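A quick write-up on the structure given underneath.
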Amino acid sequence: MSVEQHQHPSSKQEPCIICVAITGSLSGKHHNPAVPISISEQIESTHEAFEAGASIAHCHVRNNDGTPTSDPDKFAVLQQGLIKHCPGLILQFSTGGRSGAGRERGGMLPLQPDMASLTVGSNNFPTRIYENSPDLVDWLSQEMQRLDIRPEIEIFDLSHIFKAAEMQAAGRFNGPPHVQFVMGVKNAMPLDRAVFEFYLETTRRLLPDATWCGAGIGRDQIVMNEWCVAEGGHARTGLEDNVRMDRTTLAPSNAALVRRLVDICHAHDREAATPAQARALLRLPERKAA
Ligand SMILES: [Zn+2]
C-alpha cells in the first residue's frame, strides 16, 4: 500500500514533518528521568518516538556524567544504532554551541548524517553568548556542502534569515534550504506571534524554495507546535526543548511529546509525514550507505 493511501482522503495539506529533539545538551535526569543520556537510552527513546510519528531525529551526545560533548565516536555509535533500529529515519546531528568550542562542533560531520544544524549568526543564551563567528559559519557550511549534508538553518533572530538568503544566493547549501525558527530561549527571541508572522513573510520573500519548521522552548513548545501546524509548516518537539506535558506533569517520554504533536496535526487535518514523505518534502536523497 502506498503512503498516500494512509492519508485522510479529504486532506489537502502537506504531511507535517515531525522532528524530535531527544536530549539536547542541558536537560538532565534531575529535570526529568525520561531524558535519555547514554547512547542505548537515546536509541531506545528515539525508536519509540519514531514509532509514534517522528521522521527526523535531532541528536546530541553526552559524556557518561551527562555533560555535553561533540565526540565523533559517540555520534558514530548512535548513528549505527539509529540506522539499524529506525529504518529511513532522517538523522540530524547538532553542531550547536554548548558541546564543544569552535571547529570541534563539526568534528562529527565526516559521519555524513542526512542533516546537521547550522546557526548562521550569534545571539545570547540564558547564561552565555551563543557564538557563531562568520569564520566558523563559513567553515561549518563548507564542510556540510563538501560532505553532502543538508543543513537545517537555525533562526534565532531576524538577521539570520537574511544571512541564510545571502548564503543561498552564493550557492552555499546543497539542495533547497530548510529553516527552523527558534522562539522562547531566554535572552534570545521570545515567543511572539507578530514576529513569527514576520519571520514567515520574510522567509517566503527571501527564500521562496525553503521548507520551514519551528521550535518553542519550555511551555512555548506546544504553542509553537500549534502555530507551525496551522500555518502549514513542520514542527519540532522533544525533551531537549521541553520536559513537561503541562505545568504539573513531566513528559513520560519523547514519544509522548510526539504523540501530542500528532494529535495537533490531526486537529488541523494533517498527517505526520512518514520518513519517505519527509525525504520527498525536503528533497533529501535516500540514506547513503552507512
Ligand atoms: Zn539541539
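Each chain in the C-alpha cells gets a letter, A, B and so on, in the order shown; residues start at 1 in every chain, and ligands are counted from 1 in the order they appear.
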Quiz item: Which residues in stretch 107-243 of chain A does DSSP call strand (DSSP E or B)? List them as an MDAnalysis selection string.
Solution: chainID A and resid 115:119 123:124 129:130 150:155 178:183 211:216 234:237
Self-check item: stretch 27-44 of chain A environment, 12 Å, only C-alpha atoms, sequence neighbours closer than 2 positions dropped, as a PyMOL selection string
Solution: chain A and resi 20-25+46-51+57-69+73-86+89+91+217-218+238-245+249-257
Quiz item: Within 10 Å of A:Arg287, counting only C-alpha atoms, which residues qualify if same-chain residues fewer than 2 places away don't, as a ChimeraX atom specification?
Solution: /A:83,87-91,112-114,279,284-285,289-290
Practice problem: Do a neighbour search on A:Ala188 at 10 Å with only C-alpha atoms, toss out local chain neighbours closer than 5 positions, and write the hits as a list in words. | Solution: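 Using only C-alpha atoms, the neighbours found are Ser122, Asn123, Asn124, Phe125, Pro126, Ile129, Tyr130, Phe156, Asp157, Val182 and Met183 of chain A.
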Can those selected residues be exported to a file as a compact mmCIF listing (two decimals), in the first residue's frame so that it contains C-alpha atoms?
```txt
# COMPACT_ATOMS: atom_id res chain seq x y z
CA SER A 122 25.35 34.86 17.14
CA ASN A 123 22.92 35.67 19.93
CA ASN A 124 22.62 35.36 23.68
CA PHE A 125 21.60 32.19 25.50
CA PRO A 126 20.32 32.07 29.11
CA ILE A 129 26.86 34.05 24.32
CA TYR A 130 25.96 31.60 21.55
CA PHE A 156 17.30 32.72 16.46
CA ASP A 157 17.00 36.25 15.10
CA VAL A 182 13.56 29.05 17.45
CA MET A 183 11.48 31.03 19.94
```
Quiz prompt | Minimum-distance residue to A:Gln92, chosen among A:Thr202, A:Ser117, A:Thr248, A:Gln221 (using only C-alpha atoms) | solution =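 When distances to A:Gln92 are compared using only C-alpha atoms, the smallest one comes from A:Ser117.
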